[in-house]
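Next comes run08.cif, with mmCIF, C-alpha atoms.
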```cif
data_work
#
loop_
_atom_site.group_PDB
_atom_site.id
_atom_site.type_symbol
_atom_site.label_atom_id
_atom_site.label_comp_id
_atom_site.auth_asym_id
_atom_site.auth_seq_id
_atom_site.Cartn_x
_atom_site.Cartn_y
_atom_site.Cartn_z
ATOM 1 C CA MET A 1 192.734 120.830 -59.509
ATOM 2 C CA LYS A 2 192.889 121.095 -63.288
ATOM 3 C CA VAL A 3 189.838 122.478 -65.136
ATOM 4 C CA LEU A 4 189.231 122.277 -68.889
ATOM 5 C CA ILE A 5 187.177 125.124 -70.397
ATOM 6 C CA VAL A 6 185.668 124.220 -73.771
ATOM 7 C CA ASP A 7 184.156 127.158 -75.680
ATOM 8 C CA ASP A 8 184.659 128.569 -79.169
ATOM 9 C CA SER A 9 184.298 132.114 -77.798
ATOM 10 C CA GLN A 10 187.550 133.555 -76.464
ATOM 11 C CA ILE A 11 185.532 136.132 -74.489
ATOM 12 C CA MET A 12 183.550 133.372 -72.761
ATOM 13 C CA ARG A 13 186.757 131.458 -71.971
ATOM 14 C CA LYS A 14 188.170 134.662 -70.506
ATOM 15 C CA ILE A 15 185.061 135.270 -68.352
ATOM 16 C CA ILE A 16 185.115 131.711 -66.968
ATOM 17 C CA THR A 17 188.895 131.821 -66.426
ATOM 18 C CA GLY A 18 188.452 135.025 -64.381
ATOM 19 C CA VAL A 19 185.885 133.339 -62.137
ATOM 20 C CA LEU A 20 188.030 130.222 -61.684
ATOM 21 C CA LYS A 21 191.038 132.306 -60.687
ATOM 22 C CA LYS A 22 188.930 134.061 -58.049
ATOM 23 C CA LEU A 23 188.114 130.565 -56.757
ATOM 24 C CA LYS A 24 191.901 129.914 -56.555
ATOM 25 C CA VAL A 25 191.801 127.546 -59.528
ATOM 26 C CA ASN A 26 194.878 128.395 -61.587
ATOM 27 C CA ASP A 27 195.513 125.123 -63.419
ATOM 28 C CA ILE A 28 193.332 125.768 -66.470
ATOM 29 C CA LEU A 29 193.304 124.196 -69.921
ATOM 30 C CA GLU A 30 191.319 125.516 -72.884
ATOM 31 C CA ALA A 31 189.786 123.896 -75.964
ATOM 32 C CA VAL A 32 188.011 125.742 -78.790
ATOM 33 C CA ASN A 33 185.801 122.888 -80.020
ATOM 34 C CA GLY A 34 184.570 119.431 -79.059
ATOM 35 C CA GLN A 35 187.273 117.583 -80.958
ATOM 36 C CA GLU A 36 190.015 119.454 -79.128
ATOM 37 C CA ALA A 37 188.245 118.728 -75.831
ATOM 38 C CA VAL A 38 188.151 114.978 -76.495
ATOM 39 C CA THR A 39 191.886 115.036 -77.269
ATOM 40 C CA LYS A 40 192.755 117.075 -74.161
ATOM 41 C CA VAL A 41 190.728 114.806 -71.865
ATOM 42 C CA SER A 42 192.443 111.715 -73.298
ATOM 43 C CA GLU A 43 195.897 113.286 -72.915
ATOM 44 C CA ASN A 44 195.366 114.724 -69.399
ATOM 45 C CA ASP A 45 193.987 112.169 -66.952
ATOM 46 C CA ASP A 46 194.403 114.680 -64.103
ATOM 47 C CA ILE A 47 191.609 116.958 -65.365
ATOM 48 C CA GLY A 48 189.134 117.282 -62.482
ATOM 49 C CA LEU A 49 186.325 119.153 -64.221
ATOM 50 C CA VAL A 50 185.229 120.000 -67.769
ATOM 51 C CA LEU A 51 183.082 123.047 -68.563
ATOM 52 C CA MET A 52 181.554 122.332 -71.962
ATOM 53 C CA ASP A 53 179.806 124.698 -74.391
ATOM 54 C CA TRP A 54 177.227 123.094 -76.702
ATOM 55 C CA ASN A 55 177.208 124.988 -80.028
ATOM 56 C CA MET A 56 180.721 124.927 -81.468
ATOM 57 C CA PRO A 57 182.266 124.383 -84.910
ATOM 58 C CA MET A 58 184.021 121.110 -85.877
ATOM 59 C CA MET A 59 182.411 119.054 -83.108
ATOM 60 C CA ASN A 60 179.650 120.252 -80.777
ATOM 61 C CA GLY A 61 179.679 119.804 -77.018
ATOM 62 C CA LEU A 62 177.069 117.043 -76.951
ATOM 63 C CA ASP A 63 179.066 114.852 -79.331
ATOM 64 C CA ALA A 64 182.213 115.610 -77.341
ATOM 65 C CA VAL A 65 180.539 114.417 -74.117
ATOM 66 C CA LYS A 66 179.485 111.203 -75.859
ATOM 67 C CA GLN A 67 183.028 110.608 -77.130
ATOM 68 C CA ILE A 68 184.604 111.368 -73.756
ATOM 69 C CA ARG A 69 182.267 108.851 -72.074
ATOM 70 C CA ALA A 70 182.841 106.308 -74.862
ATOM 71 C CA GLY A 71 186.556 106.599 -74.095
ATOM 72 C CA GLY A 72 185.878 105.539 -70.515
ATOM 73 C CA SER A 73 186.522 108.867 -68.748
ATOM 74 C CA LYS A 74 184.403 109.606 -65.690
ATOM 75 C CA VAL A 75 185.550 113.242 -65.400
ATOM 76 C CA PRO A 76 182.686 115.498 -64.199
ATOM 77 C CA ILE A 77 181.299 117.541 -67.102
ATOM 78 C CA VAL A 78 179.141 120.656 -66.706
ATOM 79 C CA MET A 79 177.397 121.866 -69.861
ATOM 80 C CA CYS A 80 177.589 125.690 -70.040
ATOM 81 C CA THR A 81 175.198 126.620 -72.828
ATOM 82 C CA THR A 82 172.324 128.717 -74.132
ATOM 83 C CA GLU A 83 170.384 125.495 -74.847
ATOM 84 C CA ALA A 84 167.858 125.887 -72.026
ATOM 85 C CA GLU A 85 164.955 123.723 -73.198
ATOM 86 C CA LYS A 86 164.052 120.777 -70.962
ATOM 87 C CA GLU A 87 164.559 118.215 -73.705
ATOM 88 C CA ARG A 88 168.046 119.575 -74.449
ATOM 89 C CA VAL A 89 169.008 119.294 -70.766
ATOM 90 C CA LEU A 90 167.761 115.688 -70.728
ATOM 91 C CA GLU A 91 169.717 114.983 -73.908
ATOM 92 C CA ALA A 92 172.901 116.283 -72.281
ATOM 93 C CA VAL A 93 172.356 114.242 -69.115
ATOM 94 C CA LYS A 94 171.631 111.129 -71.188
ATOM 95 C CA ALA A 95 174.909 111.686 -73.054
ATOM 96 C CA GLY A 96 176.824 111.751 -69.778
ATOM 97 C CA SER A 97 176.850 115.347 -68.503
ATOM 98 C CA ASN A 98 176.848 115.698 -64.733
ATOM 99 C CA ASP A 99 175.342 119.169 -64.476
ATOM 100 C CA TYR A 100 174.027 122.083 -66.500
ATOM 101 C CA LEU A 101 174.583 125.854 -66.447
ATOM 102 C CA VAL A 102 172.427 128.017 -68.706
ATOM 103 C CA LYS A 103 173.811 131.169 -70.354
ATOM 104 C CA PRO A 104 173.437 134.046 -69.665
ATOM 105 C CA PHE A 105 175.050 133.597 -66.275
ATOM 106 C CA ASN A 106 176.813 135.927 -63.899
ATOM 107 C CA PRO A 107 180.060 135.128 -62.070
ATOM 108 C CA LYS A 108 178.112 134.156 -58.928
ATOM 109 C CA ASP A 109 176.145 131.524 -60.881
ATOM 110 C CA ILE A 110 179.421 129.962 -62.055
ATOM 111 C CA GLN A 111 180.895 130.093 -58.545
ATOM 112 C CA ASN A 112 177.827 128.429 -57.018
ATOM 113 C CA LYS A 113 177.672 125.739 -59.670
ATOM 114 C CA LEU A 114 181.370 124.952 -59.591
ATOM 115 C CA GLY A 115 181.740 125.173 -55.839
ATOM 116 C CA LYS A 116 180.362 121.690 -55.222
ATOM 117 C CA PHE A 117 182.600 120.077 -57.850
ATOM 118 C CA LEU A 118 185.681 121.909 -56.607
ATOM 119 C CA ALA A 119 184.898 120.972 -53.006
ATOM 120 C CA ALA A 120 184.421 117.322 -53.973
ATOM 121 C CA CYS A 121 187.783 117.300 -55.747
ATOM 122 C CA THR A 122 189.761 118.984 -52.977
ATOM 123 C CA SER A 123 188.168 117.151 -50.021
ATOM 124 C CA MET B 1 155.350 140.024 -86.709
ATOM 125 C CA LYS B 2 153.373 138.758 -83.706
ATOM 126 C CA VAL B 3 154.172 140.298 -80.326
ATOM 127 C CA GLU B 4 154.654 136.822 -78.825
ATOM 128 C CA TYR B 5 157.602 136.414 -81.181
ATOM 129 C CA ILE B 6 159.118 139.827 -80.366
ATOM 130 C CA ASN B 7 158.851 139.893 -76.574
ATOM 131 C CA PRO B 8 161.137 136.861 -75.970
ATOM 132 C CA PHE B 9 163.952 138.656 -77.794
ATOM 133 C CA ILE B 10 163.431 141.864 -75.779
ATOM 134 C CA GLN B 11 163.374 139.893 -72.514
ATOM 135 C CA SER B 12 166.456 137.962 -73.561
ATOM 136 C CA VAL B 13 168.424 141.167 -74.275
ATOM 137 C CA GLN B 14 167.428 142.595 -70.893
ATOM 138 C CA GLU B 15 168.335 139.392 -69.031
ATOM 139 C CA THR B 16 171.651 138.933 -70.840
ATOM 140 C CA PHE B 17 172.876 142.485 -70.236
ATOM 141 C CA TYR B 18 171.735 142.536 -66.610
ATOM 142 C CA SER B 19 173.026 139.077 -65.754
ATOM 143 C CA MET B 20 176.417 139.323 -67.451
ATOM 144 C CA MET B 21 177.227 143.044 -67.093
ATOM 145 C CA ASP B 22 174.902 144.320 -64.372
ATOM 146 C CA CYS B 23 173.690 146.680 -67.115
ATOM 147 C CA LYS B 24 170.044 147.748 -67.350
ATOM 148 C CA VAL B 25 168.720 148.387 -70.848
ATOM 149 C CA SER B 26 165.495 150.023 -72.051
ATOM 150 C CA HIS B 27 163.917 149.599 -75.458
ATOM 151 C CA GLY B 28 162.044 151.877 -77.830
ATOM 152 C CA LYS B 29 159.231 151.218 -80.280
ATOM 153 C CA PRO B 30 160.047 148.587 -82.936
ATOM 154 C CA PHE B 31 160.089 149.777 -86.566
ATOM 155 C CA PRO B 32 160.749 148.180 -89.963
ATOM 156 C CA THR B 33 164.499 147.998 -90.561
ATOM 157 C CA LYS B 34 165.900 150.562 -92.982
ATOM 158 C CA ASP B 35 168.953 150.320 -95.166
ATOM 159 C CA ASP B 36 171.609 152.395 -93.416
ATOM 160 C CA GLY B 37 174.216 152.090 -96.163
ATOM 161 C CA LEU B 38 177.879 152.228 -95.339
ATOM 162 C CA SER B 39 178.549 152.571 -91.644
ATOM 163 C CA ASP B 40 181.001 151.655 -88.933
ATOM 164 C CA ASN B 41 178.611 149.331 -87.131
ATOM 165 C CA LEU B 42 179.571 145.933 -85.813
ATOM 166 C CA ILE B 43 176.796 143.426 -86.556
ATOM 167 C CA GLY B 44 176.534 139.960 -85.060
ATOM 168 C CA ILE B 45 173.980 137.730 -86.776
ATOM 169 C CA ILE B 46 172.709 134.236 -86.106
ATOM 170 C CA GLY B 47 170.344 132.050 -88.126
ATOM 171 C CA LEU B 48 167.182 130.379 -86.810
ATOM 172 C CA SER B 49 165.800 127.162 -88.275
ATOM 173 C CA GLY B 50 163.212 124.547 -87.358
ATOM 174 C CA THR B 51 159.492 125.305 -86.944
ATOM 175 C CA ALA B 52 160.401 128.953 -87.548
ATOM 176 C CA GLN B 53 163.045 130.449 -89.770
ATOM 177 C CA GLY B 54 164.846 133.760 -89.783
ATOM 178 C CA ASN B 55 167.747 135.654 -88.327
ATOM 179 C CA ILE B 56 168.477 137.729 -85.288
ATOM 180 C CA ALA B 57 171.160 140.388 -85.391
ATOM 181 C CA ILE B 58 172.619 142.770 -82.863
ATOM 182 C CA LYS B 59 173.974 146.039 -84.258
ATOM 183 C CA PHE B 60 176.437 148.105 -82.249
ATOM 184 C CA PRO B 61 178.155 151.362 -83.193
ATOM 185 C CA ALA B 62 181.891 150.648 -82.858
ATOM 186 C CA GLU B 63 182.230 152.683 -79.629
ATOM 187 C CA THR B 64 179.320 150.868 -77.987
ATOM 188 C CA ALA B 65 180.710 147.471 -79.000
ATOM 189 C CA LYS B 66 184.032 148.278 -77.313
ATOM 190 C CA ALA B 67 182.286 149.501 -74.137
ATOM 191 C CA ILE B 68 179.925 146.526 -73.914
ATOM 192 C CA VAL B 69 182.469 143.793 -74.595
ATOM 193 C CA GLY B 70 184.861 145.607 -72.228
ATOM 194 C CA GLY B 71 182.120 145.422 -69.596
ATOM 195 C CA LEU B 72 181.866 141.657 -70.120
ATOM 196 C CA VAL B 73 185.499 141.003 -69.234
ATOM 197 C CA GLY B 74 186.393 144.067 -67.148
ATOM 198 C CA ALA B 75 188.794 145.440 -69.774
ATOM 199 C CA THR B 76 189.168 148.584 -71.869
ATOM 200 C CA PHE B 77 189.272 148.176 -75.633
ATOM 201 C CA THR B 78 190.672 151.039 -77.720
ATOM 202 C CA GLU B 79 190.115 149.368 -81.084
ATOM 203 C CA ILE B 80 187.900 146.742 -82.696
ATOM 204 C CA ASP B 81 190.101 143.701 -82.289
ATOM 205 C CA SER B 82 189.357 139.962 -82.387
ATOM 206 C CA SER B 83 188.152 140.002 -78.765
ATOM 207 C CA VAL B 84 185.510 142.656 -79.486
ATOM 208 C CA VAL B 85 184.372 140.799 -82.609
ATOM 209 C CA ASP B 86 184.236 137.531 -80.649
ATOM 210 C CA GLY B 87 182.285 139.211 -77.832
ATOM 211 C CA VAL B 88 179.625 140.539 -80.233
ATOM 212 C CA GLY B 89 179.223 137.032 -81.667
ATOM 213 C CA GLU B 90 178.884 135.502 -78.217
ATOM 214 C CA LEU B 91 176.293 138.101 -77.169
ATOM 215 C CA VAL B 92 174.033 137.414 -80.158
ATOM 216 C CA ASN B 93 174.500 133.682 -79.523
ATOM 217 C CA ILE B 94 173.356 134.027 -75.905
ATOM 218 C CA ILE B 95 170.459 136.360 -76.767
ATOM 219 C CA ALA B 96 169.169 134.089 -79.558
ATOM 220 C CA GLY B 97 169.634 130.929 -77.504
ATOM 221 C CA ASN B 98 167.862 132.415 -74.506
ATOM 222 C CA ALA B 99 165.012 133.813 -76.631
ATOM 223 C CA LYS B 100 164.315 130.565 -78.468
ATOM 224 C CA SER B 101 163.618 128.804 -75.193
ATOM 225 C CA LYS B 102 160.992 131.466 -74.411
ATOM 226 C CA ILE B 103 159.088 131.163 -77.698
ATOM 227 C CA GLN B 104 156.192 128.843 -76.924
ATOM 228 C CA GLY B 105 155.217 126.036 -79.253
ATOM 229 C CA HIS B 106 158.282 126.068 -81.479
ATOM 230 C CA LYS B 107 161.327 123.888 -81.835
ATOM 231 C CA ILE B 108 164.096 126.155 -83.062
ATOM 232 C CA SER B 109 167.786 125.572 -83.670
ATOM 233 C CA ILE B 110 170.369 128.328 -83.909
ATOM 234 C CA SER B 111 173.400 128.503 -86.181
ATOM 235 C CA LEU B 112 176.878 129.599 -85.177
ATOM 236 C CA PRO B 113 177.141 133.419 -85.126
ATOM 237 C CA THR B 114 178.768 135.538 -87.828
ATOM 238 C CA VAL B 115 180.100 139.048 -87.157
ATOM 239 C CA PHE B 116 180.825 141.728 -89.756
ATOM 240 C CA ARG B 117 181.338 145.449 -89.997
ATOM 241 C CA GLY B 118 179.138 147.633 -92.126
ATOM 242 C CA GLY B 119 175.537 148.621 -92.763
ATOM 243 C CA MET B 120 172.223 146.774 -92.810
ATOM 244 C CA HIS B 121 171.987 146.950 -96.599
ATOM 245 C CA LYS B 122 174.071 143.789 -96.681
ATOM 246 C CA LEU B 123 171.358 141.903 -94.792
ATOM 247 C CA THR B 124 168.242 143.137 -96.551
ATOM 248 C CA SER B 125 166.688 141.365 -99.510
ATOM 249 C CA PRO B 126 163.342 141.542 -101.361
ATOM 250 C CA THR B 127 162.071 138.417 -99.559
ATOM 251 C CA VAL B 128 163.349 138.957 -96.011
ATOM 252 C CA SER B 129 162.095 141.805 -93.848
ATOM 253 C CA TYR B 130 163.575 142.778 -90.510
ATOM 254 C CA LEU B 131 162.087 144.567 -87.541
ATOM 255 C CA THR B 132 164.432 146.847 -85.600
ATOM 256 C CA ILE B 133 164.126 147.248 -81.842
ATOM 257 C CA PRO B 134 166.208 150.171 -80.535
ATOM 258 C CA PHE B 135 167.818 149.821 -77.085
ATOM 259 C CA LYS B 136 169.529 152.284 -74.758
ATOM 260 C CA SER B 137 172.026 151.441 -72.039
ATOM 261 C CA ASP B 138 174.596 153.292 -69.953
ATOM 262 C CA LYS B 139 177.243 151.823 -72.290
ATOM 263 C CA GLY B 140 175.583 153.245 -75.416
ATOM 264 C CA ALA B 141 172.678 152.672 -77.783
ATOM 265 C CA PHE B 142 172.327 149.565 -79.945
ATOM 266 C CA GLU B 143 169.696 147.727 -81.969
ATOM 267 C CA ILE B 144 168.303 144.225 -82.264
ATOM 268 C CA LEU B 145 167.071 143.218 -85.718
ATOM 269 C CA ILE B 146 164.636 140.339 -86.031
ATOM 270 C CA SER B 147 163.440 138.356 -89.017
ATOM 271 C CA PHE B 148 161.129 135.578 -87.780
ATOM 272 C CA ARG B 149 158.753 133.476 -89.876
ATOM 273 C CA PRO B 150 156.954 130.351 -88.587
ATOM 274 C CA THR B 151 157.238 127.493 -91.060
ATOM 275 C CA VAL B 152 154.274 125.545 -89.693
ATOM 276 C CA ASN B 153 150.617 126.565 -89.543
ATOM 277 C CA GLU B 154 148.783 127.227 -86.285
ATOM 278 C CA LYS B 155 147.366 123.671 -86.055
ATOM 279 C CA GLU B 156 150.825 122.201 -86.404
ATOM 280 C CA GLU B 157 152.179 124.795 -83.935
ATOM 281 C CA ALA B 158 149.654 123.529 -81.363
ATOM 282 C CA LEU B 159 150.758 119.950 -81.999
ATOM 283 C CA HIS B 160 154.393 120.930 -81.536
ATOM 284 C CA GLU B 161 153.423 122.781 -78.385
ATOM 285 C CA SER B 162 151.636 119.794 -76.843
ATOM 286 C CA ALA B 163 154.495 117.478 -77.793
ATOM 287 C CA TYR B 164 156.976 119.976 -76.414
ATOM 288 C CA SER B 165 155.256 120.459 -73.061
ATOM 289 C CA GLY B 166 154.792 116.719 -72.653
#
```
Once more with this new file: its structure as structure tokens, please.
Amino acid sequence: MKVLIVDDSQIMRKIITGVLKKLKVNDILEAVNGQEAVTKVSENDDIGLVLMDWNMPMMNGLDAVKQIRAGGSKVPIVMCTTEAEKERVLEAVKAGSNDYLVKPFNPKDIQNKLGKFLAACTS
Amino acid sequence: MKVEYINPFIQSVQETFYSMMDCKVSHGKPFPTKDDGLSDNLIGIIGLSGTAQGNIAIKFPAETAKAIVGGLVGATFTEIDSSVVDGVGELVNIIAGNAKSKIQGHKISISLPTVFRGGMHKLTSPTVSYLTIPFKSDKGAFEILISFRPTVNEKEEALHESAYSG
């Protein structure tokens, strides 16, 4: 399964990559902003999961989700963000996000959240 | 500065360090921020806007920054490189984002973080005052600096609060 990590922080990409590798996910793509994410999703139709930050330069994660859905992709998208307010979560779901993970999180939180998507993709 | 505006930031620091690094932190008594001139600190700062305005900064001595960002990714850093700088920015982003969701009755947006090296004199101005909250951890001491000013009066705050909880 191929996973796309979208985050402007290289440290956060490294943390999430470490967790994915422990879950035996080694096919990992990275994007540093929403625009790059939209391009990578359109160029890689085998991406099975997108982990999307919200606050990023160039294009934020919410706009990227909207553009990915406007392009017709049904790839599961999990927002991984500090934006924890209820109305922000609803905004993300309305835009087309499938799930939500609030920072700060520990590796176990990521494992638990991603486990169901990874299982669905490999079953 | 009202205690209900300070406590969310303290809680957010404690939650972030414990959740992401299994690192317990304790805090000291807040005091007005002083100009510390030239120094080797690494400061991550993020802007707040909306029904309150201000900034939140996290100030690490260089050694503490290396230890804390190393703890985030399970690595050892011997110098302040782009990863350490990036890690400080991400930490202040998470702390500010987490804290804003705990501040009742306000709708606040955060900017993208900026990280620089130096002293607090670069942040101080005649119109902006900061409060410093000192923290201790097993990875070293650090400080959180808060400038927080509501831009709406209490009546409007209550209206925002009722709209927000609805």
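Using only C-alpha atoms, the chain B residues found within 8 Å of chain A amount to B:Glu15, B:Thr16, B:Ser19, B:Met20, B:Met21, B:Leu72, B:Val73, B:Ser83, B:Asp86, B:Gly87, B:Glu90, B:Asn93, B:Ile94, B:Gly97, B:Asn98, B:Ser101, B:Leu112.
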For the residues in that selection, give me C-alpha atoms as a compact mmCIF listing (two decimals), keeping the file's coordinate frame.
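The result, written out as selection_23.txt:
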```
# COMPACT_ATOMS: atom_id res chain seq x y z
CA GLU B 15 168.34 139.39 -69.03
CA THR B 16 171.65 138.93 -70.84
CA SER B 19 173.03 139.08 -65.75
CA MET B 20 176.42 139.32 -67.45
CA MET B 21 177.23 143.04 -67.09
CA LEU B 72 181.87 141.66 -70.12
CA VAL B 73 185.50 141.00 -69.23
CA SER B 83 188.15 140.00 -78.76
CA ASP B 86 184.24 137.53 -80.65
CA GLY B 87 182.28 139.21 -77.83
CA GLU B 90 178.88 135.50 -78.22
CA ASN B 93 174.50 133.68 -79.52
CA ILE B 94 173.36 134.03 -75.90
CA GLY B 97 169.63 130.93 -77.50
CA ASN B 98 167.86 132.42 -74.51
CA SER B 101 163.62 128.80 -75.19
CA LEU B 112 176.88 129.60 -85.18
```
- Message: I'd like the contact shell of Phe148 of chain B - 8 Å cut-off, only C-alpha atoms, skipping same-chain residues fewer than 4 positions apart - returned as an MDAnalysis selection string.
- Response: chainID B and resid 1 5 52:55
Please list, as a ChimeraX atom specification, the residues that have an atom at most 8 Å away from (180.5, 120.0, -69.9) in the coordinates of this file, counting only C-alpha atoms. /A:6,50-53,61,65,76-80,97-100
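Of the listed residues A:Leu101, A:Leu20, A:Val38, A:Ile28, the one whose atoms come nearest to Ala64 of chain A is A:Val38, with distances taken using all atoms listed in the file.
Shortest separation to Val128 of chain B among B:Ile110, B:Cys23, B:Ile6, B:Ile146 occurs at residue B:Ile146, atoms counted being all atoms listed in the file.
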### Task
Spell out the residues picked by the PyMOL selection byres ((chain B and resi 29) around 8) here, as a PyMOL selection string.
chain B and resi 27-28+30-31+133-134
As a check of understanding: the span from atom CA of Ile43 of chain B to atom CA of Leu91 of chain B is 10.8 Å
Filled-in N, CA and C atoms of segment 32-56 of chain B, supplied as a PDB file, in the frame of the given file:
```pdb
ATOM      1  N   PRO B  32     160.155 148.968 -88.870  1.00  0.00           N
ATOM      2  CA  PRO B  32     160.749 148.180 -89.963  1.00  0.00           C
ATOM      3  C   PRO B  32     162.177 148.639 -90.225  1.00  0.00           C
ATOM      4  N   THR B  33     163.074 147.671 -90.381  1.00  0.00           N
ATOM      5  CA  THR B  33     164.499 147.998 -90.561  1.00  0.00           C
ATOM      6  C   THR B  33     164.739 148.730 -91.873  1.00  0.00           C
ATOM      7  N   LYS B  34     165.567 149.792 -91.775  1.00  0.00           N
ATOM      8  CA  LYS B  34     165.900 150.562 -92.982  1.00  0.00           C
ATOM      9  C   LYS B  34     167.335 150.270 -93.386  1.00  0.00           C
ATOM     10  N   ASP B  35     167.593 150.431 -94.639  1.00  0.00           N
ATOM     11  CA  ASP B  35     168.953 150.320 -95.166  1.00  0.00           C
ATOM     12  C   ASP B  35     169.755 151.518 -94.669  1.00  0.00           C
ATOM     13  N   ASP B  36     170.825 151.261 -93.922  1.00  0.00           N
ATOM     14  CA  ASP B  36     171.609 152.395 -93.416  1.00  0.00           C
ATOM     15  C   ASP B  36     172.932 152.547 -94.158  1.00  0.00           C
ATOM     16  N   GLY B  37     173.053 151.877 -95.301  1.00  0.00           N
ATOM     17  CA  GLY B  37     174.216 152.090 -96.163  1.00  0.00           C
ATOM     18  C   GLY B  37     175.531 151.778 -95.495  1.00  0.00           C
ATOM     19  N   LEU B  38     176.551 152.463 -95.911  1.00  0.00           N
ATOM     20  CA  LEU B  38     177.879 152.228 -95.339  1.00  0.00           C
ATOM     21  C   LEU B  38     177.935 152.820 -93.938  1.00  0.00           C
ATOM     22  N   SER B  39     178.444 152.058 -93.016  1.00  0.00           N
ATOM     23  CA  SER B  39     178.549 152.571 -91.644  1.00  0.00           C
ATOM     24  C   SER B  39     179.667 151.834 -90.931  1.00  0.00           C
ATOM     25  N   ASP B  40     179.924 152.267 -89.715  1.00  0.00           N
ATOM     26  CA  ASP B  40     181.001 151.655 -88.933  1.00  0.00           C
ATOM     27  C   ASP B  40     180.428 150.739 -87.854  1.00  0.00           C
ATOM     28  N   ASN B  41     179.234 150.201 -88.126  1.00  0.00           N
ATOM     29  CA  ASN B  41     178.611 149.331 -87.131  1.00  0.00           C
ATOM     30  C   ASN B  41     179.272 147.964 -87.104  1.00  0.00           C
ATOM     31  N   LEU B  42     179.140 147.321 -85.946  1.00  0.00           N
ATOM     32  CA  LEU B  42     179.571 145.933 -85.813  1.00  0.00           C
ATOM     33  C   LEU B  42     178.278 145.121 -85.661  1.00  0.00           C
ATOM     34  N   ILE B  43     178.052 144.182 -86.560  1.00  0.00           N
ATOM     35  CA  ILE B  43     176.796 143.426 -86.556  1.00  0.00           C
ATOM     36  C   ILE B  43     177.080 141.948 -86.340  1.00  0.00           C
ATOM     37  N   GLY B  44     176.461 141.400 -85.300  1.00  0.00           N
ATOM     38  CA  GLY B  44     176.534 139.960 -85.060  1.00  0.00           C
ATOM     39  C   GLY B  44     175.205 139.353 -85.481  1.00  0.00           C
ATOM     40  N   ILE B  45     175.238 138.314 -86.276  1.00  0.00           N
ATOM     41  CA  ILE B  45     173.980 137.730 -86.776  1.00  0.00           C
ATOM     42  C   ILE B  45     173.994 136.219 -86.594  1.00  0.00           C
ATOM     43  N   ILE B  46     172.817 135.675 -86.315  1.00  0.00           N
ATOM     44  CA  ILE B  46     172.709 134.236 -86.106  1.00  0.00           C
ATOM     45  C   ILE B  46     171.435 133.748 -86.796  1.00  0.00           C
ATOM     46  N   GLY B  47     171.488 132.586 -87.400  1.00  0.00           N
ATOM     47  CA  GLY B  47     170.344 132.050 -88.126  1.00  0.00           C
ATOM     48  C   GLY B  47     169.458 131.175 -87.243  1.00  0.00           C
ATOM     49  N   LEU B  48     168.141 131.225 -87.520  1.00  0.00           N
ATOM     50  CA  LEU B  48     167.182 130.379 -86.810  1.00  0.00           C
ATOM     51  C   LEU B  48     166.588 129.399 -87.813  1.00  0.00           C
ATOM     52  N   SER B  49     166.436 128.142 -87.399  1.00  0.00           N
ATOM     53  CA  SER B  49     165.800 127.162 -88.275  1.00  0.00           C
ATOM     54  C   SER B  49     164.958 126.216 -87.430  1.00  0.00           C
ATOM     55  N   GLY B  50     164.093 125.453 -88.088  1.00  0.00           N
ATOM     56  CA  GLY B  50     163.212 124.547 -87.358  1.00  0.00           C
ATOM     57  C   GLY B  50     161.772 124.880 -87.698  1.00  0.00           C
ATOM     58  N   THR B  51     160.899 124.971 -86.671  1.00  0.00           N
ATOM     59  CA  THR B  51     159.492 125.305 -86.944  1.00  0.00           C
ATOM     60  C   THR B  51     159.313 126.796 -87.203  1.00  0.00           C
ATOM     61  N   ALA B  52     160.393 127.550 -87.114  1.00  0.00           N
ATOM     62  CA  ALA B  52     160.401 128.953 -87.548  1.00  0.00           C
ATOM     63  C   ALA B  52     161.769 129.215 -88.158  1.00  0.00           C
ATOM     64  N   GLN B  53     161.781 130.116 -89.121  1.00  0.00           N
ATOM     65  CA  GLN B  53     163.045 130.449 -89.770  1.00  0.00           C
ATOM     66  C   GLN B  53     163.290 131.943 -89.699  1.00  0.00           C
ATOM     67  N   GLY B  54     164.531 132.337 -89.768  1.00  0.00           N
ATOM     68  CA  GLY B  54     164.846 133.760 -89.783  1.00  0.00           C
ATOM     69  C   GLY B  54     166.236 134.016 -89.271  1.00  0.00           C
ATOM     70  N   ASN B  55     166.449 135.247 -88.863  1.00  0.00           N
ATOM     71  CA  ASN B  55     167.747 135.654 -88.327  1.00  0.00           C
ATOM     72  C   ASN B  55     167.512 136.620 -87.187  1.00  0.00           C
ATOM     73  N   ILE B  56     168.458 136.655 -86.279  1.00  0.00           N
ATOM     74  CA  ILE B  56     168.477 137.729 -85.288  1.00  0.00           C
ATOM     75  C   ILE B  56     169.863 138.348 -85.351  1.00  0.00           C
TER      76      ILE B  56
END
```
